[in-house]
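upload-v5.cif (mmCIF, C-alpha atoms) appears below.
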```cif
data_final
#
loop_
_atom_site.label_atom_id
_atom_site.label_comp_id
_atom_site.auth_asym_id
_atom_site.auth_seq_id
_atom_site.Cartn_x
_atom_site.Cartn_y
_atom_site.Cartn_z
CA MET A 1 -23.16 -3.34 -162.99
CA ILE A 2 -20.42 -1.78 -160.88
CA ARG A 3 -21.23 -1.56 -157.17
CA ALA A 4 -18.99 0.42 -154.83
CA VAL A 5 -19.03 0.52 -151.05
CA TYR A 6 -18.43 3.68 -149.02
CA PRO A 7 -17.76 2.51 -145.44
CA GLY A 8 -17.56 4.58 -142.30
CA SER A 9 -18.91 5.09 -138.82
CA PHE A 10 -20.98 8.13 -139.92
CA ASP A 11 -21.54 9.15 -136.29
CA PRO A 12 -23.13 11.37 -137.52
CA ILE A 13 -23.07 11.75 -141.28
CA THR A 14 -21.81 15.21 -142.28
CA ASN A 15 -22.03 17.36 -145.40
CA GLY A 16 -18.49 16.22 -146.18
CA HIS A 17 -19.67 12.61 -146.22
CA LEU A 18 -22.55 13.63 -148.48
CA TYR A 19 -20.14 15.25 -150.91
CA ILE A 20 -18.10 12.04 -151.20
CA ALA A 21 -21.25 9.89 -151.51
CA GLU A 22 -22.67 12.15 -154.24
CA ARG A 23 -19.44 12.01 -156.24
CA ALA A 24 -19.27 8.24 -155.88
CA ALA A 25 -22.96 7.81 -156.77
CA PHE A 26 -22.35 9.60 -160.06
CA SER A 27 -19.33 7.39 -160.76
CA PHE A 28 -20.83 3.95 -160.13
CA ASP A 29 -24.02 2.11 -160.95
CA GLU A 30 -24.73 1.51 -157.28
CA LEU A 31 -23.23 2.83 -154.07
CA VAL A 32 -23.66 1.11 -150.74
CA VAL A 33 -23.07 3.45 -147.82
CA ALA A 34 -21.91 0.98 -145.17
CA VAL A 35 -22.38 2.04 -141.57
CA LEU A 36 -19.86 0.34 -139.33
CA HIS A 37 -20.89 -1.12 -136.00
CA ASN A 38 -17.70 -1.14 -133.96
CA PRO A 39 -18.38 -2.48 -130.46
CA GLN A 40 -14.97 -1.13 -129.33
CA LYS A 41 -16.11 2.46 -129.95
CA ARG A 42 -18.75 4.31 -127.98
CA ALA A 43 -20.94 5.91 -130.61
CA THR A 44 -23.22 8.88 -129.99
CA PHE A 45 -25.90 7.37 -132.22
CA SER A 46 -26.88 3.72 -132.58
CA VAL A 47 -26.22 1.90 -135.84
CA GLU A 48 -29.94 2.06 -136.59
CA GLU A 49 -30.05 5.83 -136.00
CA ARG A 50 -26.99 6.36 -138.18
CA GLN A 51 -28.59 4.32 -140.97
CA ILE A 52 -31.80 6.37 -140.73
CA MET A 53 -29.87 9.65 -140.86
CA ALA A 54 -27.84 8.45 -143.85
CA ARG A 55 -30.95 7.27 -145.70
CA GLU A 56 -32.65 10.62 -145.13
CA ALA A 57 -29.59 12.59 -146.21
CA LEU A 58 -29.00 10.47 -149.32
CA SER A 59 -32.62 10.00 -150.39
CA HIS A 60 -32.07 12.24 -153.43
CA LEU A 61 -29.67 9.65 -154.90
CA PRO A 62 -31.68 6.75 -156.35
CA ASN A 63 -28.67 4.46 -156.80
CA VAL A 64 -27.54 4.69 -153.17
CA ARG A 65 -28.57 2.30 -150.45
CA VAL A 66 -27.52 2.18 -146.82
CA ALA A 67 -26.53 -0.98 -144.96
CA ALA A 68 -24.81 -1.80 -141.69
CA PHE A 69 -21.89 -4.12 -141.13
CA GLU A 70 -19.69 -5.45 -138.36
CA GLY A 71 -16.36 -7.19 -138.68
CA LEU A 72 -13.98 -7.10 -141.60
CA LEU A 73 -14.81 -4.76 -144.44
CA VAL A 74 -13.50 -7.23 -147.01
CA ASP A 75 -16.01 -9.83 -145.79
CA PHE A 76 -18.80 -7.27 -146.20
CA MET A 77 -17.47 -6.41 -149.65
CA ARG A 78 -17.64 -10.03 -150.73
CA HIS A 79 -21.17 -10.34 -149.33
CA GLN A 80 -22.17 -7.24 -151.32
CA GLN A 81 -20.43 -8.61 -154.42
CA SER A 82 -18.40 -5.43 -154.70
CA ARG A 83 -14.74 -4.95 -155.53
CA ILE A 84 -14.47 -1.18 -154.99
CA ILE A 85 -14.05 0.61 -151.68
CA VAL A 86 -14.60 4.37 -151.78
CA ARG A 87 -12.83 6.49 -149.19
CA GLY A 88 -12.77 10.24 -148.78
CA LEU A 89 -9.64 12.29 -148.22
CA ARG A 90 -9.82 15.68 -146.51
CA ALA A 91 -6.16 16.47 -146.03
CA LEU A 92 -2.73 14.97 -146.42
CA SER A 93 -2.95 13.75 -142.83
CA ASP A 94 -5.83 11.44 -143.83
CA PHE A 95 -3.75 9.82 -146.54
CA GLU A 96 -1.30 7.93 -144.31
CA TYR A 97 -4.07 6.29 -142.28
CA GLU A 98 -6.19 5.55 -145.36
CA PHE A 99 -3.15 4.19 -147.22
CA GLN A 100 -2.46 1.75 -144.38
CA LEU A 101 -6.10 0.59 -144.39
CA ALA A 102 -6.03 0.15 -148.16
CA GLN A 103 -2.83 -1.90 -147.95
CA MET A 104 -4.30 -4.08 -145.19
CA ASN A 105 -7.46 -4.66 -147.21
CA ARG A 106 -5.38 -5.45 -150.29
CA GLN A 107 -3.42 -8.02 -148.31
CA LEU A 108 -6.67 -9.63 -147.11
CA ALA A 109 -8.45 -9.42 -150.47
CA PRO A 110 -6.24 -8.63 -153.50
CA GLU A 111 -9.29 -8.50 -155.77
CA ILE A 112 -10.67 -5.44 -153.95
CA GLU A 113 -9.51 -1.94 -154.91
CA THR A 114 -9.66 1.20 -152.80
CA LEU A 115 -10.43 4.43 -154.63
CA PHE A 116 -9.93 7.80 -152.98
CA ILE A 117 -12.10 10.84 -153.60
CA VAL A 118 -10.69 14.16 -152.48
CA THR A 119 -13.27 16.32 -150.78
CA ASP A 120 -14.08 19.87 -151.71
CA ALA A 121 -12.04 22.49 -149.84
CA GLN A 122 -15.15 23.70 -148.01
CA TYR A 123 -15.33 20.33 -146.20
CA SER A 124 -11.62 19.76 -145.61
CA TYR A 125 -11.89 20.56 -141.89
CA LEU A 126 -15.10 18.63 -141.27
CA SER A 127 -15.27 15.45 -139.17
CA SER A 128 -18.02 13.77 -137.20
CA ARG A 129 -16.04 14.09 -134.00
CA GLY A 130 -15.41 17.78 -134.63
CA VAL A 131 -19.10 18.42 -135.29
CA LYS A 132 -20.08 16.74 -132.02
CA GLU A 133 -17.44 18.66 -130.06
CA VAL A 134 -18.42 22.03 -131.52
CA PHE A 135 -22.10 21.29 -130.91
CA HIS A 136 -21.44 20.09 -127.35
CA PHE A 137 -19.77 23.41 -126.52
CA GLY A 138 -22.55 25.49 -128.05
CA GLY A 139 -21.11 26.23 -131.48
CA SER A 140 -23.20 26.33 -134.62
CA VAL A 141 -23.02 23.20 -136.79
CA GLN A 142 -26.19 23.74 -138.78
CA ASP A 143 -24.23 24.29 -142.03
CA MET A 144 -22.03 21.23 -141.41
CA VAL A 145 -24.67 18.50 -141.30
CA PRO A 146 -27.94 17.62 -143.04
CA PRO A 147 -31.11 19.01 -141.39
CA GLY A 148 -32.18 15.65 -139.96
CA VAL A 149 -28.79 15.19 -138.32
CA TYR A 150 -28.93 18.69 -136.83
CA ARG A 151 -32.37 17.96 -135.37
CA ARG A 152 -31.12 14.71 -133.83
CA LEU A 153 -28.02 16.40 -132.41
CA ARG A 154 -30.28 18.91 -130.66
CA GLU A 155 -32.34 16.03 -129.24
CA ARG A 156 -29.35 13.92 -128.19
CA ILE A 157 -26.73 16.34 -126.89
CA PRO A 158 -27.88 18.73 -124.16
CA PRO A 159 -27.05 22.42 -124.60
CA PRO A 160 -23.96 23.60 -122.73
CA ASP A 161 -24.26 25.24 -119.35
CA ILE A 162 -23.48 28.87 -120.13
CA ARG A 163 -22.82 29.88 -116.53
CA ASP A 164 -19.62 31.75 -115.76
CA PRO A 165 -17.15 29.15 -114.40
CA SER A 166 -15.53 31.64 -112.01
#
```

Translate this structure into structure tokens?
Amino acid sequence: MIRAVYPGSFDPITNGHLYIAERAAFSFDELVVAVLHNPQKRATFSVEERQIMAREALSHLPNVRVAAFEGLLVDFMRHQQSRIIVRGLRALSDFEYEFQLAQMNRQLAPEIETLFIVTDAQYSYLSSRGVKEVFHFGGSVQDMVPPGVYRRLRERIPPPDIRDPS
């Protein structure tokens, strides 16, 4: 059985993340979507909330499970008995950062490979941070995130004050 791990903060999970997860789920026997708890970052949603949203969004994929991790990804990989990291690429600008991460992980754990999946063009602009910013300023993100995520965004982030600033 080949198990791959798709790590990320998923704060929140977007339709672009779903696209990568679906492609990976069809390529491997099992996919673990690994939600990172990074105490150095201030997340909009808790790790538990992000796991719930990911589980809801990925429930149509029977070979996908969601887990949380903290610390080094390579340690989590070993714990999961996986040797394949899946990462998504939206644009060339993602590649340099992802390449550095892959090289660092390879230095720490030479037995672990990083595989890149290029997203569909319709998601090439999409990021969790961008979704939250657009939503915060009153823009429509309903087509950018799964329905459960959209509902939680509406509950978590107050609507903008539409008063004239002048």

Shortest contact to A:Ala121, candidates A:Ala43, A:Met104, A:Ala91, A:Ile157, atoms counted all atoms listed in the file, goes to A:Ala91

Picked residues, the PyMOL selection byres ((chain A and resi 84) around 6), as a PDB file with C-alpha atoms, in the frame of the given file:
```pdb
ATOM      1  CA  ALA A   4     -18.990   0.420-154.830  1.00  0.00           C
ATOM      2  CA  SER A  82     -18.400  -5.430-154.700  1.00  0.00           C
ATOM      3  CA  ARG A  83     -14.740  -4.950-155.530  1.00  0.00           C
ATOM      4  CA  ILE A  85     -14.050   0.610-151.680  1.00  0.00           C
ATOM      5  CA  ILE A 112     -10.670  -5.440-153.950  1.00  0.00           C
ATOM      6  CA  GLU A 113      -9.510  -1.940-154.910  1.00  0.00           C
ATOM      7  CA  THR A 114      -9.660   1.200-152.800  1.00  0.00           C
TER       8      THR A 114
END
```

- Message: Under the PyMOL selection byres ((chain A and resi 46-63) around 9), which residues of this model are included? Write them out as an MDAnalysis selection string.
- Response: chainID A and resid 9:13 15 18 21:22 25:26 28:37 43:45 64:68 146:149 152

I'd like the box whose edges run along x, y and z of the file and which contains every listed atom of stretch 47-61 of chain A, padded by 6 Å per side; could you state its centre and edge lengths in Å, one decimal, as lines of an AutoDock Vina configuration file?
```
center_x = -29.4
center_y = 7.2
center_z = -145.4
size_x = 18.4
size_y = 22.7
size_z = 31.1
```

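With distances taken over all atoms listed in the file, A:Val74 is the one residue among A:Val74, A:Leu92, A:Arg87, A:Asp120 lying closest to A:Gln107.
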
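Atom CA of A:Asn38 to atom CA of A:Phe69 spans 8.8 Å [interatomic distance, one decimal].
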
Notebook entry, point to check: What lies within 9 Å of A:His17 using all atoms listed in the file, ignoring chain neighbours under 6 positions off, as a PyMOL selection string?
Noted result: chain A and resi 10+88+119+123+127

Exercise for review: Starting from the displayed file, determine the output of the PyMOL selection byres ((chain A and resi 137-139) around 12) and express the residue list as a list in words.
Suggested key: Gly130, Val131, Lys132, Glu133, Val134, Phe135, His136, Ser140, Val141, Gln142, Asp143, Met144, Leu153, Arg154, Ile157, Pro158, Pro159, Pro160, Asp161 and Ile162 of chain A

Write out the residues from the selection above, keeping C-alpha atoms, as a PDB file, keeping the file's coordinate frame.
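File written: selection_26.pdb
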```
ATOM      1  CA  GLY A 130     -15.410  17.780-134.630  1.00  0.00           C
ATOM      2  CA  VAL A 131     -19.100  18.420-135.290  1.00  0.00           C
ATOM      3  CA  LYS A 132     -20.080  16.740-132.020  1.00  0.00           C
ATOM      4  CA  GLU A 133     -17.440  18.660-130.060  1.00  0.00           C
ATOM      5  CA  VAL A 134     -18.420  22.030-131.520  1.00  0.00           C
ATOM      6  CA  PHE A 135     -22.100  21.290-130.910  1.00  0.00           C
ATOM      7  CA  HIS A 136     -21.440  20.090-127.350  1.00  0.00           C
ATOM      8  CA  SER A 140     -23.200  26.330-134.620  1.00  0.00           C
ATOM      9  CA  VAL A 141     -23.020  23.200-136.790  1.00  0.00           C
ATOM     10  CA  GLN A 142     -26.190  23.740-138.780  1.00  0.00           C
ATOM     11  CA  ASP A 143     -24.230  24.290-142.030  1.00  0.00           C
ATOM     12  CA  MET A 144     -22.030  21.230-141.410  1.00  0.00           C
ATOM     13  CA  LEU A 153     -28.020  16.400-132.410  1.00  0.00           C
ATOM     14  CA  ARG A 154     -30.280  18.910-130.660  1.00  0.00           C
ATOM     15  CA  ILE A 157     -26.730  16.340-126.890  1.00  0.00           C
ATOM     16  CA  PRO A 158     -27.880  18.730-124.160  1.00  0.00           C
ATOM     17  CA  PRO A 159     -27.050  22.420-124.600  1.00  0.00           C
ATOM     18  CA  PRO A 160     -23.960  23.600-122.730  1.00  0.00           C
ATOM     19  CA  ASP A 161     -24.260  25.240-119.350  1.00  0.00           C
ATOM     20  CA  ILE A 162     -23.480  28.870-120.130  1.00  0.00           C
TER      21      ILE A 162
END
```

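Shortest atom-to-atom contact with A:Ile2 among A:Phe76, A:Gln40, A:Arg106, A:Gln81: A:Gln81, counting all atoms listed in the file.
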
Expressed in Å, the length from atom CA of A:Met77 to atom CA of A:Gln103 is 15.4 Å

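You can rank A:Arg151, A:Arg23, A:Arg78, A:Arg42 by their closest distance to A:Arg129 using only C-alpha atoms, and at the top of that list sits A:Arg42.
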